[in-house]
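Asker: First the structure, then my questions, so here it is.
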Amino acid sequence: DDRATFIAALPKAELHLHIEGSLEPELMFELAQRNNVAIPFANVEEVRAAYAFSNLQDFLDIYYQGMGVLHTEQDFFDLTTAYLARAHADAVRHVEIFFDPQGHTERGIAFATVVLGISRALDDALARYGITSKLIMCFLRHLSEAEADATLDEALPYLGRIDGVGLDSSEVGHPPSKFERVFARARSLDLKIVAHAGEEGPPAYVYEALDLLKVDRIDHGNRSLEDPALVARLAAAGMTLTVCPLSNLKLCVVDDMAAHPLKIMLSARLHATVNSDDPSYFGGYVNANYQAVADALDLSKAELLTLARNSFTGSFLDDAAKAKQL
Ligand code: ES4
Ligand code: ZN
């Protein structure tokens, strides 16, 4: 219909995408075979049937298992190339990709293998599609700050290709305060700062992300809406929230898409954006996320345009590059 056509053609940036979460079951099987890795599924249908989650941890358990098929630089290149082809098909002009180095280094995969495979695919996408990109290294918050610090050390030779650091994995019980020092060090290295906050965790974690980590963006941020003073602060600061509707539905952050807070966020003047998070696991790439939330909340073209504009203004592109996209 008319809205689908509008969404499909809308130039957009994707700001919240875990590259390991774009691993489709077909590629998982191909890489399992290529690398002689056993996976506990007989076929693609069995994999998809396993993607029924009741919370974030349910998902994370299967997400860390899935990434176990990624071994070589070529694997990371193929994974990233497949995502970028899908993003291009969705009129994505700019991507800011998260990766989880600790999910790989703890399995004995070299940091360099991961970064070089991903970044070669990003270079190709610029040449092939004109898609610009930033790369954001996330620390796993269920691990220690010392382990995050060691990961930042490993990243030092690659800071020419890494634009920012983020914080992901199991949120509750692992507040931003646990990582205050490593994020201070990242800031001193001129890295951009983001953190997942308020996905399952309370508004206090969003305050910590702002006050202790000094984030440039909040990933998710849904539970900020429980605290009117926090909403006012986020709006006044022009803080971008990278919202992920299908993720929120699949991880039971919302009970129903009709109950999704995106429209309330926009009404409260929050700088919300729409993103796919882990599209292979949550059932759709960025346009499917726009479509699902637009249908459920009856979003207008003006609201959809605001979301797409927010994705560029909230990106880490420099002002000249933003001006070209807007
Ligand atoms: C994630 Cl949806 C989500 N939340 C937290 N950590 C993650 N890692 C990958 N996807
Ligand atoms: Zn995420």
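FYI, nothing fancy with the structure tokens labels: chains A, B, ... in order, residues from 1 per chain, ligands from 1 as they appear.
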Residues at most 12 Å from ligand 2, using only C-alpha atoms and all ligand atoms? Could they come as a PyMOL selection string?
Answerer: chain A and resi 14-22+56+59-60+63+96-100+136+138-140+166-171+194-200+218-221+241-248+251+274-279+281-282
Asker: Take the residues from that selection and write them out as an mmCIF file, in the first residue's frame, keeping C-alpha atoms.
Answerer:
data_model
loop_
_atom_site.group_PDB
_atom_site.id
_atom_site.type_symbol
_atom_site.label_atom_id
_atom_site.label_comp_id
_atom_site.auth_asym_id
_atom_site.auth_seq_id
_atom_site.Cartn_x
_atom_site.Cartn_y
_atom_site.Cartn_z
ATOM 1 C CA GLU A 14 20.420 2.388 10.748
ATOM 2 C CA LEU A 15 21.999 3.185 14.127
ATOM 3 C CA HIS A 16 21.334 0.041 16.173
ATOM 4 C CA LEU A 17 22.390 -3.165 14.463
ATOM 5 C CA HIS A 18 24.432 -5.969 16.006
ATOM 6 C CA ILE A 19 26.210 -7.526 13.049
ATOM 7 C CA GLU A 20 26.221 -10.953 14.732
ATOM 8 C CA GLY A 21 22.434 -10.610 15.029
ATOM 9 C CA SER A 22 22.117 -10.424 11.247
ATOM 10 C CA LEU A 56 16.593 -10.693 26.786
ATOM 11 C CA PHE A 59 17.688 -14.491 23.288
ATOM 12 C CA LEU A 60 21.295 -13.854 24.336
ATOM 13 C CA TYR A 63 22.695 -15.427 20.014
ATOM 14 C CA GLU A 96 26.455 2.333 12.413
ATOM 15 C CA ILE A 97 27.253 -1.282 13.158
ATOM 16 C CA PHE A 98 27.839 -2.839 16.571
ATOM 17 C CA PHE A 99 30.103 -5.805 17.005
ATOM 18 C CA ASP A 100 30.850 -7.898 20.095
ATOM 19 C CA ILE A 136 31.017 0.613 17.207
ATOM 20 C CA CYS A 138 30.509 -3.108 22.328
ATOM 21 C CA PHE A 139 31.624 -4.361 25.717
ATOM 22 C CA LEU A 140 29.710 -7.322 27.134
ATOM 23 C CA GLY A 166 28.950 0.669 23.330
ATOM 24 C CA LEU A 167 27.610 -1.514 26.124
ATOM 25 C CA ASP A 168 25.353 -4.509 25.497
ATOM 26 C CA SER A 169 24.315 -7.987 26.726
ATOM 27 C CA SER A 170 22.492 -8.770 30.016
ATOM 28 C CA GLU A 171 21.364 -5.429 31.417
ATOM 29 C CA VAL A 194 26.680 4.704 23.385
ATOM 30 C CA ALA A 195 25.073 2.251 25.806
ATOM 31 C CA HIS A 196 22.033 0.001 25.905
ATOM 32 C CA ALA A 197 19.954 1.389 28.773
ATOM 33 C CA GLY A 198 16.329 1.117 29.793
ATOM 34 C CA GLU A 199 15.629 -1.949 27.648
ATOM 35 C CA GLU A 200 14.982 -4.189 30.671
ATOM 36 C CA ILE A 218 20.984 5.816 24.314
ATOM 37 C CA ASP A 219 20.237 2.411 22.796
ATOM 38 C CA HIS A 220 16.568 1.478 23.410
ATOM 39 C CA GLY A 221 15.756 3.778 26.368
ATOM 40 C CA LEU A 241 17.194 6.987 21.305
ATOM 41 C CA THR A 242 17.781 4.002 19.018
ATOM 42 C CA VAL A 243 14.461 2.196 19.319
ATOM 43 C CA CYS A 244 13.933 -1.350 17.997
ATOM 44 C CA PRO A 245 10.236 -2.236 17.649
ATOM 45 C CA LEU A 246 10.410 -5.890 16.527
ATOM 46 C CA SER A 247 13.133 -6.551 19.101
ATOM 47 C CA ASN A 248 10.912 -5.060 21.820
ATOM 48 C CA LEU A 251 11.895 -9.923 23.844
ATOM 49 C CA VAL A 274 13.753 3.003 14.266
ATOM 50 C CA ASN A 275 16.271 0.159 13.950
ATOM 51 C CA SER A 276 16.383 -3.610 13.581
ATOM 52 C CA ASP A 277 18.768 -4.630 16.436
ATOM 53 C CA ASP A 278 19.208 -8.349 15.558
ATOM 54 C CA PRO A 279 17.117 -8.748 12.399
ATOM 55 C CA TYR A 281 16.504 -13.274 15.347
ATOM 56 C CA PHE A 282 13.669 -10.733 15.608
#
Asker: Could you go through range 47-267 of chain A and tell me which residues DSSP, when run on the backbone, assigns to alpha helix (DSSP H), listing them as number ranges by chain?
Answerer: A: 47-49, 56-66, 73-89, 102-105, 111-129, 145-155, 180-188, 203-208, 228-237, 245-250, 262-267
Asker: Next, write the just-selected residues to a file, as a short mmCIF file (atom, residue, chain, number, x, y, z; two decimals), in the first residue's frame, keeping C-alpha atoms as the atom set.
Answerer:
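Once written, part32.cif looks like this:
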data_model
loop_
_atom_site.label_atom_id
_atom_site.label_comp_id
_atom_site.auth_asym_id
_atom_site.auth_seq_id
_atom_site.Cartn_x
_atom_site.Cartn_y
_atom_site.Cartn_z
CA VAL A 47 16.62 -22.89 13.86
CA ARG A 48 13.73 -20.50 13.26
CA ALA A 49 11.52 -22.53 15.63
CA LEU A 56 16.59 -10.69 26.79
CA GLN A 57 18.60 -13.51 28.40
CA ASP A 58 16.66 -16.21 26.49
CA PHE A 59 17.69 -14.49 23.29
CA LEU A 60 21.30 -13.85 24.34
CA ASP A 61 21.87 -17.55 25.10
CA ILE A 62 20.99 -18.51 21.52
CA TYR A 63 22.70 -15.43 20.01
CA TYR A 64 26.08 -16.32 21.59
CA GLN A 65 25.63 -19.92 20.44
CA GLY A 66 24.81 -18.81 16.88
CA GLU A 73 37.98 -13.16 8.30
CA GLN A 74 36.01 -14.35 5.26
CA ASP A 75 33.13 -15.41 7.56
CA PHE A 76 32.92 -11.93 9.08
CA PHE A 77 33.18 -10.43 5.59
CA ASP A 78 30.35 -12.66 4.27
CA LEU A 79 28.15 -11.91 7.29
CA THR A 80 28.60 -8.15 6.93
CA THR A 81 28.23 -8.22 3.14
CA ALA A 82 24.89 -10.04 3.44
CA TYR A 83 23.62 -7.45 5.93
CA LEU A 84 24.71 -4.53 3.74
CA ALA A 85 22.92 -5.98 0.68
CA ARG A 86 19.70 -6.19 2.77
CA ALA A 87 20.24 -2.69 4.13
CA HIS A 88 20.73 -1.35 0.60
CA ALA A 89 17.45 -3.00 -0.45
CA GLN A 102 34.46 -10.53 23.34
CA GLY A 103 31.94 -13.00 21.89
CA HIS A 104 34.74 -14.03 19.53
CA THR A 105 38.02 -13.52 21.39
CA PHE A 111 40.41 -9.47 17.36
CA ALA A 112 42.03 -8.64 14.00
CA THR A 113 40.07 -11.38 12.20
CA VAL A 114 36.80 -9.83 13.33
CA VAL A 115 37.61 -6.17 12.63
CA LEU A 116 39.32 -6.75 9.30
CA GLY A 117 36.49 -8.94 7.95
CA ILE A 118 33.78 -6.48 8.95
CA SER A 119 35.65 -3.40 7.79
CA ARG A 120 36.52 -4.86 4.38
CA ALA A 121 32.78 -5.42 3.80
CA LEU A 122 32.07 -1.83 4.90
CA ASP A 123 34.66 -0.53 2.41
CA ASP A 124 33.03 -2.61 -0.35
CA ALA A 125 29.55 -1.28 0.48
CA LEU A 126 30.76 2.29 0.12
CA ALA A 127 32.17 1.49 -3.33
CA ARG A 128 29.23 -0.67 -4.45
CA TYR A 129 26.21 1.13 -2.96
CA GLU A 145 35.35 -4.02 33.64
CA ALA A 146 38.88 -5.45 33.57
CA GLU A 147 37.88 -7.61 30.59
CA ALA A 148 36.38 -4.56 28.86
CA ASP A 149 39.64 -2.72 29.53
CA ALA A 150 41.68 -5.53 27.96
CA THR A 151 39.37 -5.42 24.94
CA LEU A 152 39.95 -1.69 24.58
CA ASP A 153 43.69 -2.42 24.65
CA GLU A 154 43.22 -4.91 21.80
CA ALA A 155 41.34 -2.27 19.81
CA GLU A 180 32.66 4.07 34.40
CA ARG A 181 36.48 3.94 34.16
CA VAL A 182 36.78 2.09 30.85
CA PHE A 183 34.31 4.49 29.23
CA ALA A 184 36.31 7.46 30.57
CA ARG A 185 39.33 5.96 28.86
CA ALA A 186 37.37 5.47 25.63
CA ARG A 187 36.30 9.13 25.75
CA SER A 188 39.93 10.19 26.21
CA PRO A 203 15.42 4.58 34.53
CA ALA A 204 18.32 4.77 37.01
CA TYR A 205 20.47 2.95 34.43
CA VAL A 206 19.64 5.63 31.83
CA TYR A 207 20.70 8.33 34.32
CA GLU A 208 23.96 6.44 34.90
CA PRO A 228 8.93 12.30 33.53
CA ALA A 229 11.98 14.25 34.71
CA LEU A 230 14.22 11.93 32.70
CA VAL A 231 12.03 12.34 29.62
CA ALA A 232 12.28 16.12 29.97
CA ARG A 233 16.05 15.91 30.31
CA LEU A 234 16.47 13.62 27.26
CA ALA A 235 14.25 15.93 25.17
CA ALA A 236 16.08 19.08 26.28
CA ALA A 237 19.45 17.47 25.53
CA PRO A 245 10.24 -2.24 17.65
CA LEU A 246 10.41 -5.89 16.53
CA SER A 247 13.13 -6.55 19.10
CA ASN A 248 10.91 -5.06 21.82
CA LEU A 249 8.06 -7.33 20.75
CA LYS A 250 10.16 -10.54 20.50
CA LEU A 262 7.26 5.07 19.93
CA LYS A 263 4.41 7.51 19.31
CA ILE A 264 4.53 8.67 22.94
CA MET A 265 8.28 9.19 22.54
CA LEU A 266 7.73 11.40 19.49
CA SER A 267 4.95 13.34 21.24
#
Asker: Within 12 Å of Val37 in chain A, counting only C-alpha atoms, which residues show up once you throw out same-chain ones fewer than 5 positions away? Write them as a PyMOL selection string, please.
Answerer: chain A and resi 28-32+65-71
Asker: Just the selected residues (N, CA and C atoms), exported as a PDB file, in the first residue's frame, please.
Answerer:
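Final file, part11.pdb:
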ATOM      1  N   MET A  28      24.258 -19.513   8.652  1.00  0.00           N
ATOM      2  CA  MET A  28      24.729 -20.264   9.826  1.00  0.00           C
ATOM      3  C   MET A  28      25.065 -21.709   9.418  1.00  0.00           C
ATOM      4  N   PHE A  29      24.195 -22.320   8.634  1.00  0.00           N
ATOM      5  CA  PHE A  29      24.458 -23.693   8.178  1.00  0.00           C
ATOM      6  C   PHE A  29      25.662 -23.757   7.250  1.00  0.00           C
ATOM      7  N   GLU A  30      25.738 -22.786   6.337  1.00  0.00           N
ATOM      8  CA  GLU A  30      26.853 -22.764   5.385  1.00  0.00           C
ATOM      9  C   GLU A  30      28.190 -22.642   6.127  1.00  0.00           C
ATOM     10  N   LEU A  31      28.244 -21.750   7.123  1.00  0.00           N
ATOM     11  CA  LEU A  31      29.495 -21.544   7.858  1.00  0.00           C
ATOM     12  C   LEU A  31      29.790 -22.725   8.789  1.00  0.00           C
ATOM     13  N   ALA A  32      28.753 -23.333   9.340  1.00  0.00           N
ATOM     14  CA  ALA A  32      28.953 -24.513  10.196  1.00  0.00           C
ATOM     15  C   ALA A  32      29.634 -25.624   9.391  1.00  0.00           C
ATOM     16  N   GLN A  65      25.451 -18.612  21.065  1.00  0.00           N
ATOM     17  CA  GLN A  65      25.635 -19.922  20.443  1.00  0.00           C
ATOM     18  C   GLN A  65      25.728 -19.790  18.918  1.00  0.00           C
ATOM     19  N   GLY A  66      24.848 -18.979  18.343  1.00  0.00           N
ATOM     20  CA  GLY A  66      24.813 -18.808  16.881  1.00  0.00           C
ATOM     21  C   GLY A  66      26.116 -18.253  16.333  1.00  0.00           C
ATOM     22  N   MET A  67      26.707 -17.291  17.045  1.00  0.00           N
ATOM     23  CA  MET A  67      27.922 -16.663  16.510  1.00  0.00           C
ATOM     24  C   MET A  67      29.131 -17.604  16.540  1.00  0.00           C
ATOM     25  N   GLY A  68      28.977 -18.753  17.162  1.00  0.00           N
ATOM     26  CA  GLY A  68      30.055 -19.746  17.216  1.00  0.00           C
ATOM     27  C   GLY A  68      30.474 -20.310  15.867  1.00  0.00           C
ATOM     28  N   VAL A  69      29.658 -20.121  14.835  1.00  0.00           N
ATOM     29  CA  VAL A  69      30.053 -20.602  13.491  1.00  0.00           C
ATOM     30  C   VAL A  69      31.002 -19.628  12.799  1.00  0.00           C
ATOM     31  N   LEU A  70      31.178 -18.434  13.350  1.00  0.00           N
ATOM     32  CA  LEU A  70      32.039 -17.418  12.719  1.00  0.00           C
ATOM     33  C   LEU A  70      33.489 -17.653  13.141  1.00  0.00           C
ATOM     34  N   HIS A  71      34.336 -18.008  12.192  1.00  0.00           N
ATOM     35  CA  HIS A  71      35.732 -18.315  12.513  1.00  0.00           C
ATOM     36  C   HIS A  71      36.742 -17.452  11.758  1.00  0.00           C
TER      37      HIS A  71
END
Asker: Which of these, A:Ile109, A:Leu159, A:Val172, A:Ala9, has the shortest distance to ligand 1 once you count only C-alpha atoms and all ligand atoms?
Answerer: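 Distance minimum relative to ligand 1 lands on A:Val172.
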Asker: Rounded to one decimal in Å, what is the spacing between CA of Pro11 in chain A and CA of Arg93 in chain A?
Answerer: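 It comes out at 6.3 Å.
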Asker: One decimal, in Å: what's the spacing between CA of Asp255 in chain A and atom 9 (C, counted along the ligand's line) of ligand 1?
Answerer: 20.0 Å
Asker: I'd like to know which residues of range 13-225 of chain A are strand (DSSP E or B) (by DSSP, run on the backbone); could you write them as a PyMOL selection string?
Answerer: chain A and resi 13-18+92-99+132-140+164-168+192-197+217-220
Asker: Let me see the file: selected residues, C-alpha atoms, as an mmCIF file, in the first residue's frame.
Answerer:
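That gives us part30.cif:
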data_model
loop_
_atom_site.group_PDB
_atom_site.id
_atom_site.type_symbol
_atom_site.label_atom_id
_atom_site.label_comp_id
_atom_site.auth_asym_id
_atom_site.auth_seq_id
_atom_site.Cartn_x
_atom_site.Cartn_y
_atom_site.Cartn_z
ATOM 1 C CA ALA A 13 20.250 5.460 8.543
ATOM 2 C CA GLU A 14 20.420 2.388 10.748
ATOM 3 C CA LEU A 15 21.999 3.185 14.127
ATOM 4 C CA HIS A 16 21.334 0.041 16.173
ATOM 5 C CA LEU A 17 22.390 -3.165 14.463
ATOM 6 C CA HIS A 18 24.432 -5.969 16.006
ATOM 7 C CA VAL A 92 19.576 2.504 4.057
ATOM 8 C CA ARG A 93 22.219 5.123 3.175
ATOM 9 C CA HIS A 94 24.280 5.034 6.355
ATOM 10 C CA VAL A 95 24.902 2.314 8.959
ATOM 11 C CA GLU A 96 26.455 2.333 12.413
ATOM 12 C CA ILE A 97 27.253 -1.282 13.158
ATOM 13 C CA PHE A 98 27.839 -2.839 16.571
ATOM 14 C CA PHE A 99 30.103 -5.805 17.005
ATOM 15 C CA THR A 132 28.609 5.171 4.520
ATOM 16 C CA SER A 133 29.359 3.543 7.857
ATOM 17 C CA LYS A 134 30.675 3.802 11.392
ATOM 18 C CA LEU A 135 31.822 0.868 13.491
ATOM 19 C CA ILE A 136 31.017 0.613 17.207
ATOM 20 C CA MET A 137 32.722 -1.917 19.467
ATOM 21 C CA CYS A 138 30.509 -3.108 22.328
ATOM 22 C CA PHE A 139 31.624 -4.361 25.717
ATOM 23 C CA LEU A 140 29.710 -7.322 27.134
ATOM 24 C CA GLY A 164 32.803 4.340 19.071
ATOM 25 C CA VAL A 165 32.218 2.022 21.984
ATOM 26 C CA GLY A 166 28.950 0.669 23.330
ATOM 27 C CA LEU A 167 27.610 -1.514 26.124
ATOM 28 C CA ASP A 168 25.353 -4.509 25.497
ATOM 29 C CA LYS A 192 31.897 8.112 20.497
ATOM 30 C CA ILE A 193 29.950 6.622 23.397
ATOM 31 C CA VAL A 194 26.680 4.704 23.385
ATOM 32 C CA ALA A 195 25.073 2.251 25.806
ATOM 33 C CA HIS A 196 22.033 0.001 25.905
ATOM 34 C CA ALA A 197 19.954 1.389 28.773
ATOM 35 C CA ARG A 217 23.185 8.198 22.342
ATOM 36 C CA ILE A 218 20.984 5.816 24.314
ATOM 37 C CA ASP A 219 20.237 2.411 22.796
ATOM 38 C CA HIS A 220 16.568 1.478 23.410
#
Asker: Out of A:Arg223, A:Val215, A:Leu297, A:Ala91, which residue has the shortest atom-to-atom distance to Ala8 in chain A when counting only C-alpha atoms?
Answerer: A:Ala91
Asker: Using only C-alpha atoms, which residue out of A:Ile162, A:Leu326, A:Ala288, A:Ala110 lies closest to Thr72 in chain A?
Answerer: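 Closest candidate: A:Ala110.
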Asker: Report, in Å with one decimal, the straight-line distance from CA of Glu26 in chain A to CA of Val44 in chain A.
Answerer: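 Here the two named atoms are 6.4 Å from each other.
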Asker: Report as number ranges by chain all protein, DNA and RNA residues lying within 8 Å of Thr313 in chain A, evaluated on only C-alpha atoms, omitting residues in the same chain fewer than 3 positions from it.
Answerer: A: 309-310, 322
Asker: From the set A:Leu317, A:Leu213, A:Ala308, A:Val253, which residue has the shortest atom-to-atom contact distance to ligand 1, counting only C-alpha atoms and all ligand atoms?
Answerer: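 Smallest distance to ligand 1 is found for A:Val253.
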Asker: I'd like to know which of A:Ala258, A:Ala323, A:Leu23, A:Ala272 is closest to ligand 1, using only C-alpha atoms and all ligand atoms.
Answerer: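 Among the listed residues, A:Leu23 lies closest to ligand 1.
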